[in-house]
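**Q** Handing you a structure now.
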Amino acid sequence: MTTVSEVQVESEIEELATDKTWIDTAKIMLHKQPLGVAGGGIVVAMILMAIFAGVITTVDPTINNLEYMLEAPGDMFFLGSDQFGRDLLTRLIYGARTALFVGFTCAIIGSTCGLVLGVASAYFGGMFDLIVQRIVDVIMAFPLIILALAVVATLGNGVENVIIAITIPFIPQCARVVRSNALAIREIPYVDAARALGFSHTRIIIRHMVPNVMAPFLIMLTSFLGQAILLEASLSYLGMGVQEPTPAWGLMLQGGAEEFAESAPWIAIWPGVAISLAVFGFNLFGDAVRDTLDPKLRSQ
Amino acid sequence: MSKYILKRLLMMIPTLFGAAVFVFFLLRMIPGDVCELRLAGTGLYADPAEILLCQKNLGLDQPLFGQFIDFIVGYFKFDLGISMWTGSPITEEIGLRFELSLQVAIMATLVAIMIAIPLGIISAVKQDSWIDYVVRVFSIAGIAMPSFWLGILIILGLLITTQAMFGEPWMPPIDYVPIWEDPMRNLSQLIWPAVATGYRYSAVATRMTRSALLEVLREDYVRTARAKGLAEKIIINRHALKNALLPVVTIIAIEFAFLMGGLVVTEQVFNLNGLGKLFVESVGSQDYNMTQQLVMLVVLIFVMTNFFVDILYAWLDPRIRYS
């Protein structure tokens, strides 16, 4: 054991010594994945905006100010105000919190449940696999928004229920992809070896199979981020998602966007820009992750 | 082949049945029902006896399992039941709106094909050039942009440009006229939602066209065609495109099945009285019958589309033979 750890330490030291500075790494990434880096930049900017919303702006996003309804963009309201006199920019910044919170929660929970289900389905096979796959078939026959709407109708609206509604359709999608990868891994001799050594099912699944399906898992996770944000915006727009006065981009478009489109076009424009930019960033980032992790797709 | 078709048709039954079970019991988990909502929804006092009577009339007082049996047996009697909200037969309510949604869906598909195939080809032929980057950004933007926002922008754009050009704002007509009665009026109403949904739809197809064509262009037979001195245009049109379009056809067909989902938001923006709007309304009013029949309709369209795609695939590609 000592020799192994010594070798490891040595190689690590060597790696550190020859390690490029982060600027070099960034340059290589920029050259290889220019769109991915741009997407990553947008993602980081959005995350910072969400975390430091309270620092960037000191205005309360939920307080109505009926003296200043539908003010045009200017000194007082940088992007204008909405029909309740609330500052649009402030609501956009706080809206990033809602969008990212929903996006990350749904993507992480959805893909993790999918991972567990997919790997277990491939590992156990037989009846368990058959039943899981039939359920997956059924859930995947629903268009995303239809299923999400049906779940919201059952649970009622509000942030937590929106998260559940968006997560449920993600689970089978991820489970299917992970399962097809895990099926190949189950046939590799080291899984048999682990079983021969008498390891428990849980240990084999978590320690031996899960690490080997990380690539499809991460690809699904990143692709879910943008989808979840878009779906939350759509649900909120339909009035079945996040409720007033919580600042959420889709909700801002529902409120007065159409009614005041002509007299106050800024209400209709900026929240949509925010949604599109966020989803755009996450998608570019997700594409870059896929290209890096999946060698088969790299040339495309 | 016929054996395969039969097998695929039989495999649809468990999926459809599973979907029916899922949606039926999911909707029944909602606290409250259409009667309470209709009689007491406005916050007024409702007589409990009246609510009970209403539930009795709609069969909501029956045990769940019995209701489910009725729901399934209805399909064998070609009876979809009545809307719990309006009281009229569901087939009638759907029939009224089906035409509009179908037309928007078909037009959106045409818009998507007209955008996706030329752009995908240019992008693949000029791979890694600035044109390629512009097309890729354009198509990724299409996926990122919510179609309801694009719809709002289109309405806004129409209002502003018509105001500037003719002096007074013009809005697409609100009431639906079938295309054979007044084609101009029909198209001037439905072209905008078709563009709003079609752009998003085209984005997926553009990316697929590009990557499929890139793959085919690396094949040996394309190199042979180049070696014998064929013009690049002929190579692309006659040799490469035919094979590259196969996955594109698939993705277009699959997306068509999902269009219903896209219509839910677009119909809301343009205030179109279609199936999507009916769905949102029936979810809002807890009209179980209507909601579950609409969901089953969407699932049926989806399952059937997948089936036809598989058959189409075998028909288009002589290398694929199902047995």
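Just so we're on the same page: first chain in the structure tokens is A, next is B, and so on; residues restart at 1 for each chain, and ligands are numbered from 1 in the order they show up.
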Write out as a PyMOL selection string the residues lying within 9 Å of stretch 87-95 of chain A, counting only C-alpha atoms and excluding same-chain residues fewer than 6 positions away.

**A** chain A and resi 46+49-50+53-54+56-62+76-81+246-249+252+266-267+270-271+274

**Q** Please, could you write that set of residues out with C-alpha atoms as an mmCIF file, in the first residue's frame?

**A**
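What follows is the written file result.cif:
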```cif
data_model
loop_
_atom_site.group_PDB
_atom_site.id
_atom_site.type_symbol
_atom_site.label_atom_id
_atom_site.label_comp_id
_atom_site.auth_asym_id
_atom_site.auth_seq_id
_atom_site.Cartn_x
_atom_site.Cartn_y
_atom_site.Cartn_z
ATOM 1 C CA MET A 46 -26.275 34.543 -13.828
ATOM 2 C CA MET A 49 -26.386 37.868 -10.133
ATOM 3 C CA ALA A 50 -28.662 35.488 -8.244
ATOM 4 C CA ALA A 53 -29.059 40.167 -5.866
ATOM 5 C CA GLY A 54 -29.360 41.971 -2.540
ATOM 6 C CA ILE A 56 -26.490 44.724 -6.675
ATOM 7 C CA THR A 57 -29.774 46.431 -5.967
ATOM 8 C CA THR A 58 -31.136 47.761 -2.692
ATOM 9 C CA VAL A 59 -34.726 48.125 -3.924
ATOM 10 C CA ASP A 60 -37.309 45.628 -2.693
ATOM 11 C CA PRO A 61 -38.610 43.688 -5.725
ATOM 12 C CA THR A 62 -42.035 43.015 -4.198
ATOM 13 C CA MET A 76 -35.221 56.464 -11.765
ATOM 14 C CA PHE A 77 -36.004 53.070 -13.321
ATOM 15 C CA PHE A 78 -33.121 51.864 -15.457
ATOM 16 C CA LEU A 79 -35.297 49.445 -17.465
ATOM 17 C CA GLY A 80 -38.607 51.068 -16.611
ATOM 18 C CA SER A 81 -41.264 50.009 -14.124
ATOM 19 C CA THR A 246 -42.345 36.335 -6.172
ATOM 20 C CA PRO A 247 -40.226 37.757 -8.974
ATOM 21 C CA ALA A 248 -40.060 35.184 -11.790
ATOM 22 C CA TRP A 249 -39.359 35.893 -15.438
ATOM 23 C CA MET A 252 -43.464 38.995 -15.427
ATOM 24 C CA TRP A 266 -40.155 47.193 -21.939
ATOM 25 C CA ILE A 267 -42.318 44.945 -19.750
ATOM 26 C CA TRP A 270 -36.679 42.375 -20.871
ATOM 27 C CA PRO A 271 -37.976 39.304 -19.004
ATOM 28 C CA ALA A 274 -33.412 37.233 -19.463
#
```

**Q** Can you pull out every residue within 9 Å of B:Met12, counting only C-alpha atoms, but drop anything in the same chain fewer than 4 positions away, and send it as a ChimeraX atom specification?

**A** /B:7-8,16-17,300,303-304,307

**Q** Fewer than 3 positions away in the same chain doesn't count, so skip those; otherwise give me all residues within 10 Å of B:Ala20, counting only C-alpha atoms, as a ChimeraX atom specification.

**A** /A:138 /B:14-17,23-26,68,71-72,292-293,295-296,299

**Q** Store the residues picked out above, limited to C-alpha atoms, as a PDB file, in the first residue's frame.

**A**
```pdb
ATOM      1  CA  VAL A 138     -45.539   5.581 -20.287  1.00  0.00           C
TER       2      VAL A 138
ATOM      3  CA  PRO B  14     -49.728  -1.445 -22.570  1.00  0.00           C
ATOM      4  CA  THR B  15     -48.292   2.064 -23.075  1.00  0.00           C
ATOM      5  CA  LEU B  16     -51.719   3.561 -23.718  1.00  0.00           C
ATOM      6  CA  PHE B  17     -53.232   1.646 -20.819  1.00  0.00           C
ATOM      7  CA  VAL B  23     -53.435  10.276 -15.758  1.00  0.00           C
ATOM      8  CA  PHE B  24     -56.670   9.021 -14.240  1.00  0.00           C
ATOM      9  CA  PHE B  25     -55.304   8.529 -10.742  1.00  0.00           C
ATOM     10  CA  LEU B  26     -53.032  11.580 -10.916  1.00  0.00           C
ATOM     11  CA  PHE B  68     -61.934   4.072 -13.977  1.00  0.00           C
ATOM     12  CA  PHE B  71     -63.550   5.574 -18.411  1.00  0.00           C
ATOM     13  CA  ILE B  72     -61.925   2.569 -20.117  1.00  0.00           C
ATOM     14  CA  GLN B 292     -57.810  13.044 -19.263  1.00  0.00           C
ATOM     15  CA  GLN B 293     -59.288  12.729 -22.760  1.00  0.00           C
ATOM     16  CA  VAL B 295     -53.981  13.925 -22.444  1.00  0.00           C
ATOM     17  CA  MET B 296     -54.908  10.560 -23.948  1.00  0.00           C
ATOM     18  CA  VAL B 299     -50.346  10.389 -25.954  1.00  0.00           C
TER      19      VAL B 299
END
```

**Q** Once you count only C-alpha atoms, which residues of chain B turn out to be within 6 Å of chain A? Could you give them as a PyMOL selection string?

**A** chain B and resi 15+18-19+27+30+144-145+149+211+258+261+299

**Q** Write the selection just made, keeping N, CA and C atoms, as a PDB file, in the first residue's frame?

**A**
```pdb
ATOM      1  N   THR B  15     -48.686   0.661 -23.279  1.00  0.00           N
ATOM      2  CA  THR B  15     -48.292   2.064 -23.075  1.00  0.00           C
ATOM      3  C   THR B  15     -49.527   2.936 -22.907  1.00  0.00           C
ATOM      4  N   GLY B  18     -51.194   2.153 -19.610  1.00  0.00           N
ATOM      5  CA  GLY B  18     -50.410   2.737 -18.517  1.00  0.00           C
ATOM      6  C   GLY B  18     -50.652   4.228 -18.413  1.00  0.00           C
ATOM      7  N   ALA B  19     -50.686   4.889 -19.561  1.00  0.00           N
ATOM      8  CA  ALA B  19     -50.916   6.339 -19.568  1.00  0.00           C
ATOM      9  C   ALA B  19     -52.299   6.644 -19.004  1.00  0.00           C
ATOM     10  N   LEU B  27     -55.021  12.751 -11.658  1.00  0.00           N
ATOM     11  CA  LEU B  27     -56.020  13.822 -11.583  1.00  0.00           C
ATOM     12  C   LEU B  27     -56.924  13.671 -10.371  1.00  0.00           C
ATOM     13  N   ILE B  30     -56.177  15.376  -6.913  1.00  0.00           N
ATOM     14  CA  ILE B  30     -56.391  16.798  -6.675  1.00  0.00           C
ATOM     15  C   ILE B  30     -57.414  16.980  -5.553  1.00  0.00           C
ATOM     16  N   ALA B 144     -33.466  28.328 -27.079  1.00  0.00           N
ATOM     17  CA  ALA B 144     -33.453  29.072 -25.817  1.00  0.00           C
ATOM     18  C   ALA B 144     -34.655  29.994 -25.683  1.00  0.00           C
ATOM     19  N   MET B 145     -35.165  30.475 -26.820  1.00  0.00           N
ATOM     20  CA  MET B 145     -36.225  31.476 -26.761  1.00  0.00           C
ATOM     21  C   MET B 145     -37.570  30.837 -26.479  1.00  0.00           C
ATOM     22  N   TRP B 149     -42.732  34.052 -25.709  1.00  0.00           N
ATOM     23  CA  TRP B 149     -42.107  35.367 -25.786  1.00  0.00           C
ATOM     24  C   TRP B 149     -41.957  35.791 -27.243  1.00  0.00           C
ATOM     25  N   SER B 211     -25.581  17.953 -38.496  1.00  0.00           N
ATOM     26  CA  SER B 211     -24.705  16.877 -38.041  1.00  0.00           C
ATOM     27  C   SER B 211     -24.857  15.631 -38.918  1.00  0.00           C
ATOM     28  N   PHE B 258     -44.735  16.368 -30.490  1.00  0.00           N
ATOM     29  CA  PHE B 258     -44.589  17.222 -29.316  1.00  0.00           C
ATOM     30  C   PHE B 258     -45.162  18.618 -29.541  1.00  0.00           C
ATOM     31  N   GLY B 261     -47.643  20.164 -27.208  1.00  0.00           N
ATOM     32  CA  GLY B 261     -47.133  20.813 -26.009  1.00  0.00           C
ATOM     33  C   GLY B 261     -46.793  22.275 -26.278  1.00  0.00           C
ATOM     34  N   VAL B 299     -51.154  11.605 -26.068  1.00  0.00           N
ATOM     35  CA  VAL B 299     -50.346  10.389 -25.954  1.00  0.00           C
ATOM     36  C   VAL B 299     -50.570   9.494 -27.175  1.00  0.00           C
TER      37      VAL B 299
END
```

**Q** How far is it from atom CA of B:Leu297 to atom CA of B:Ile94, in Å with one decimal?

**A** 9.9 Å

**Q** Report as a PyMOL selection string all protein, DNA and RNA residues lying within 10 Å of B:Phe138, evaluated on only C-alpha atoms, omitting residues in the same chain fewer than 3 positions from it.

**A** chain B and resi 119+132-135+141-144+199+203+206

**Q** Would you list the contacts of B:Ala205 as number ranges by chain, taking every protein, DNA or RNA residue within 9 Å and counting only C-alpha atoms, but skipping same-chain residues closer than 2 positions in sequence?

**A** B: 112-113, 115-117, 120, 139, 201-203, 207-210, 248-249, 251-252, 255

**Q** Just write the chosen residues, N, CA and C atoms, as an mmCIF file, in the first residue's frame.

**A**
```
data_model
loop_
_atom_site.group_PDB
_atom_site.id
_atom_site.type_symbol
_atom_site.label_atom_id
_atom_site.label_comp_id
_atom_site.auth_asym_id
_atom_site.auth_seq_id
_atom_site.Cartn_x
_atom_site.Cartn_y
_atom_site.Cartn_z
ATOM 1 N N ALA B 112 -40.822 25.180 -40.112
ATOM 2 C CA ALA B 112 -39.607 24.568 -39.588
ATOM 3 C C ALA B 112 -38.785 23.926 -40.698
ATOM 4 N N ILE B 113 -39.451 23.216 -41.619
ATOM 5 C CA ILE B 113 -38.721 22.552 -42.707
ATOM 6 C C ILE B 113 -38.067 23.596 -43.598
ATOM 7 N N ILE B 115 -37.048 26.510 -42.852
ATOM 8 C CA ILE B 115 -35.886 27.136 -42.217
ATOM 9 C C ILE B 115 -34.767 26.114 -42.053
ATOM 10 N N ALA B 116 -35.127 24.924 -41.559
ATOM 11 C CA ALA B 116 -34.104 23.998 -41.076
ATOM 12 C C ALA B 116 -33.247 23.395 -42.183
ATOM 13 N N ILE B 117 -33.871 22.941 -43.263
ATOM 14 C CA ILE B 117 -33.083 22.176 -44.232
ATOM 15 C C ILE B 117 -32.066 23.060 -44.964
ATOM 16 N N GLY B 120 -29.371 24.084 -42.380
ATOM 17 C CA GLY B 120 -28.551 22.946 -41.977
ATOM 18 C C GLY B 120 -27.539 22.581 -43.050
ATOM 19 N N SER B 139 -29.680 28.731 -34.328
ATOM 20 C CA SER B 139 -30.500 27.581 -33.952
ATOM 21 C C SER B 139 -30.474 27.345 -32.446
ATOM 22 N N TYR B 201 -39.047 24.839 -33.283
ATOM 23 C CA TYR B 201 -39.079 23.514 -33.861
ATOM 24 C C TYR B 201 -37.937 23.368 -34.882
ATOM 25 N N SER B 202 -37.721 24.451 -35.681
ATOM 26 C CA SER B 202 -36.694 24.384 -36.718
ATOM 27 C C SER B 202 -35.312 24.247 -36.114
ATOM 28 N N ALA B 203 -35.120 24.815 -34.908
ATOM 29 C CA ALA B 203 -33.795 24.808 -34.311
ATOM 30 C C ALA B 203 -33.273 23.379 -34.134
ATOM 31 N N ARG B 207 -30.063 21.606 -36.411
ATOM 32 C CA ARG B 207 -28.891 20.952 -35.817
ATOM 33 C C ARG B 207 -28.767 19.520 -36.301
ATOM 34 N N MET B 208 -29.907 18.852 -36.445
ATOM 35 C CA MET B 208 -29.879 17.475 -36.909
ATOM 36 C C MET B 208 -29.426 17.406 -38.370
ATOM 37 N N THR B 209 -29.960 18.309 -39.215
ATOM 38 C CA THR B 209 -29.550 18.322 -40.627
ATOM 39 C C THR B 209 -28.040 18.516 -40.729
ATOM 40 N N ARG B 210 -27.534 19.470 -39.955
ATOM 41 C CA ARG B 210 -26.111 19.780 -40.020
ATOM 42 C C ARG B 210 -25.279 18.556 -39.644
ATOM 43 N N VAL B 248 -33.257 13.405 -40.181
ATOM 44 C CA VAL B 248 -33.987 14.677 -40.132
ATOM 45 C C VAL B 248 -35.491 14.416 -40.203
ATOM 46 N N VAL B 249 -35.877 13.509 -41.098
ATOM 47 C CA VAL B 249 -37.296 13.147 -41.209
ATOM 48 C C VAL B 249 -37.792 12.620 -39.863
ATOM 49 N N ILE B 251 -36.616 13.244 -36.827
ATOM 50 C CA ILE B 251 -36.715 14.256 -35.775
ATOM 51 C C ILE B 251 -37.906 15.176 -36.050
ATOM 52 N N ILE B 252 -38.177 15.450 -37.341
ATOM 53 C CA ILE B 252 -39.320 16.308 -37.663
ATOM 54 C C ILE B 252 -40.620 15.621 -37.250
ATOM 55 N N GLU B 255 -40.880 15.573 -33.403
ATOM 56 C CA GLU B 255 -41.201 16.905 -32.894
ATOM 57 C C GLU B 255 -42.658 17.256 -33.178
#
```

**Q** Enter the distance from atom CA of A:Asn212 to atom CA of A:Asn181, in Å, rounded to one decimal.

**A**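 If I compute the distance from atom CA of A:Asn212 to atom CA of A:Asn181, I get 8.7 Å.
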
**Q** Which residues are close to stretch 165-177 of chain A, i.e. within 8 Å by only C-alpha atoms, leaving aside same-chain residues fewer than 6 positions away? Reply as a PyMOL selection string.

**A** chain A and resi 106-107+109-119+133+136+139-140+144+147-149+151-152+216-217+220+224+228+231-232

**Q** Give me the residues near B:Gln67 as a PyMOL selection string, where near means some atom within 12 Å (using only C-alpha atoms) and where sequence neighbours in that chain fewer than 5 positions away do not count.

**A** chain B and resi 21+24-25+28+58-62+72-74+81+288-289

**Q** Could you find all residues in stretch 67-144 of chain A that DSSP calls helix (DSSP H, G or I) from the backbone, and write them as an MDAnalysis selection string?

**A** chainID A and resid 67:68 88:124 126:140 144

**Q** One number please: atom CA of B:Ser282 to atom CA of B:Trp85, in Å, one decimal.

**A**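 Answer for the atom CA of B:Ser282 to atom CA of B:Trp85 separation: 7.9 Å.
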